[in-house]
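All remarks here apply to the structure that follows.
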Number of protein chains: 2
Amino acid sequence: MPATPTRSLQVIQGVEAMRSAVREIQRGGETVGFVPTMGALHEGHLSLVDAAAAECDRVVASIFVNPTQFGPNEDFTKYPRPLERDLELLRGRGCELAFVPEAAEMYPWGYGTSIDVGPVAVPWEGAARPGHFAGVATVVLKLFECVPADRAYFGRKDYQQTLVVRRMVVDLNLPITVCVCPIVRDPDGLALSSRNVYLGADERQRALSLSQSLRLAEELVSSGQRSALVVRERMLAHLNAAGGVNVEYVAILRDGSVDEVAEIGGPVTVAVAARVGTTRLIDNLRIG
Amino acid sequence: MPATPTRSLQVIQGVEAMRSAVREIQRGGETVGFVPTMGALHEGHLSLVDAAAAECDRVVASIFVNPTQFGPNEDFTKYPRPLERDLELLRGRGCELAFVPEAAEMYPWGYGTSIDVGPVAVPWEGAARPGHFAGVATVVLKLFECVPADRAYFGRKDYQQTLVVRRMVVDLNLPITVCVCPIVRDPDGLALSSRNVYLGADERQRALSLSQSLRLAEELVSSGQRSALVVRERMLAHLNAAGGVNVEYVAILRDGSVDEVAEIGGPVTVAVAARVGTTRLIDNLRIG
């Protein structure tokens, strides 16, 4: 059992108060790590808080279920919002500041701006979820302006999102270092996600086929398989055998990009998206 | 003759060096005013430097002919670039830092991001110059990230641009105050513009019809005319009488917006865009 952190958690709602708090810390010569979240925290998020705490003097997390990154038929209204529990979890990991803005301050009347990061946001998740990455990029920029931290932490489960955020940070000269942390999984391999709570017991079992298919790809590659086509077909066969798993894509990408490879000759990220029942899940694995 | 400023002008090309210089000033407790320009400076720009110097402890100007805000058939390549003269003018007005980035650092290989501020960027200049305001908004954000000043200064001649920048600053929670300064005119009324150098003597005379038409509108309104239709028709008649003036639009807008009014019942901005020869000119006047 970890020692109880002695620092308390301050919850801040206003943009100006948040910015001032971060700048005050930085004026004191301390660094700030920032973990943007939509709440419904799990060990994946908390591993980001841990990484921020290890690398920075102070940790700020934000909790904001951003409406603009949800499509019209997505789960914005039912997305879980266990705020008190989230704050308790953050407090327990040594996070000292929680930014919990209101949608009315983030998107007031007359709001019109959005950020398009270009080609990296187009395929895969971008194609499956029109407008999603514009919503993500825009809110992440806004959050960076409200929480002008030294470092920001994102989970690798949202692989393409990390590419989108990095692209934006480089392109817009944003003065923040983007840190990407490993996927956290349940012991059975399921990648942690706030959406896993939607899964029934049977669906959860079927959902294991996603991470299994990624391990299968890893085994194939380490056994010498170099054909992306073959790896992809074997993965699809595994996913389809699980039953009730509707695959949206299986993509074998040059690592650090959204570009498919034909021949696996260097590091790749294998990414999968599928619906299990009505729940949309994504997972990925870096290989090589 | 104004006293010779004693401070010298430091020219900075790199993004990190620029940001550090501004932050160093701010850490010392001084405020920074920022004047973004495309160079080819005239008294309009220099009035922004004066305003910044009056309101802030230190003034930074940028000189960057931003390729992304020019259309494919516009004057990017021939746009004047008298750098040494510009730096001398800035030095003479007490500007202490000039940010002169290279296009290769601002838009490196793989660059893909752009900012769309929504409805305010759509009509008038937005319609006449597709992509222009996305280019403007994006480079202004980038410049704000490179020059994290307290206040930024823009000229009112680019009326719609000031609305675009204000919209972006509000929407993206940018920590900077936008200041808009009056149009500076030659004694004959021509609004100063870096593009005025393109005008031949005869064209320059015809170009006076733009500011004259705005004064006409002002006279009509102060004489009690309330119909935007009538004011607009009278302005068009004046512009057409000048000969060789190809009007793109005459717009009577609720001041602070891009929305046309039918009845002039409060402050309006009357905006005009026209081509004189091959030179595109804009001008505007706040009335009421």
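Letters for chains follow the order of the structure tokens (A, B, ...), residue numbers begin at 1 for each chain, and ligand numbers begin at 1 in the order shown.
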- Query: Can you list, as a ChimeraX atom specification, every residue of stretch 68-229 of chain A that DSSP puts in strand (DSSP E)?
  - Reply: /A:97-99,114-116,151-155,177-181
- May I have the residues within 9 Å of A:Leu229 as a list of chain:residue names, using only C-alpha atoms and disregarding those fewer than 2 positions away in the same chain? A:Arg226, A:Ser227, A:Val231, A:Arg232, A:Glu233, A:Arg234, A:Ile252, A:Ala262, A:Glu263
Based on the selection just made, write C-alpha atoms of those residues as an mmCIF file, in the first residue's frame.
data_model
loop_
_atom_site.group_PDB
_atom_site.id
_atom_site.type_symbol
_atom_site.label_atom_id
_atom_site.label_comp_id
_atom_site.auth_asym_id
_atom_site.auth_seq_id
_atom_site.Cartn_x
_atom_site.Cartn_y
_atom_site.Cartn_z
ATOM 1 C CA ARG A 226 6.920 -10.293 -42.961
ATOM 2 C CA SER A 227 3.737 -10.051 -45.020
ATOM 3 C CA VAL A 231 -0.700 -11.087 -40.519
ATOM 4 C CA ARG A 232 -3.852 -9.112 -41.130
ATOM 5 C CA GLU A 233 -5.730 -12.137 -42.493
ATOM 6 C CA ARG A 234 -4.733 -14.243 -39.481
ATOM 7 C CA ILE A 252 -0.553 -2.555 -39.867
ATOM 8 C CA ALA A 262 2.947 -4.170 -47.089
ATOM 9 C CA GLU A 263 6.201 -5.656 -45.822
#
- Task: Kindly provide, as number ranges by chain, the residues of chain B having any atom no farther than 10 Å from an atom of chain A, counting only C-alpha atoms.
- Result: B: 15-16, 19, 27, 105-121, 134, 137-146, 148, 164, 167-175
- Task: Would you please extract all alpha helix (DSSP H) residues from stretch 27-87 of chain A, as assigned by DSSP on the backbone, and give them as a VMD selection string?
- Result: chain A and resid 27 43 to 55 83 to 87
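Take atom CA of A:Thr279 and atom CA of A:Asp188: the distance between them is 18.5 Å.
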- Item | Shell around B:Gly200 at 12 Å using only C-alpha atoms, local window under 5 positions removed, as a ChimeraX atom specification | /B:195,205-207,276-279
- Item | All residues 12 Å or closer to A:Ala54, only C-alpha atoms, same chain fewer than 3 positions away omitted, as a ChimeraX atom specification | /A:31-33,47-51,57-59,93-95,151,153
- Item | Polymer residues at most 8 Å from stretch 99-102 of chain B, only C-alpha atoms, same-chain spacing of 4 or more positions, as a list of chain:residue names |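 Listed by chain and then number, they are B:Val11, B:Ile12, B:Gln13, B:Gly14, B:Val15, B:Met18, B:Val60, B:Ala61, B:Ser62, B:Ile63, B:Phe64, B:Met106.
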- Item | Long-range neighbours of B:Arg91 as a PyMOL selection string, 7 Å cut-off, only C-alpha atoms, 5 positions minimum in chain | chain B and resi 8-9+96
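Residues surrounding B:Asp255 within 10 Å are Tyr159, Glu260, Val261, Gly266, Pro267, Val268, Thr269, Val270, Leu285, Arg286, Ile287 and Gly288 of chain B [only C-alpha atoms; sequence separation below 5 positions excluded].
From atom CA of B:Trp124 back to atom CA of B:Ser211, the distance works out to 17.8 Å.
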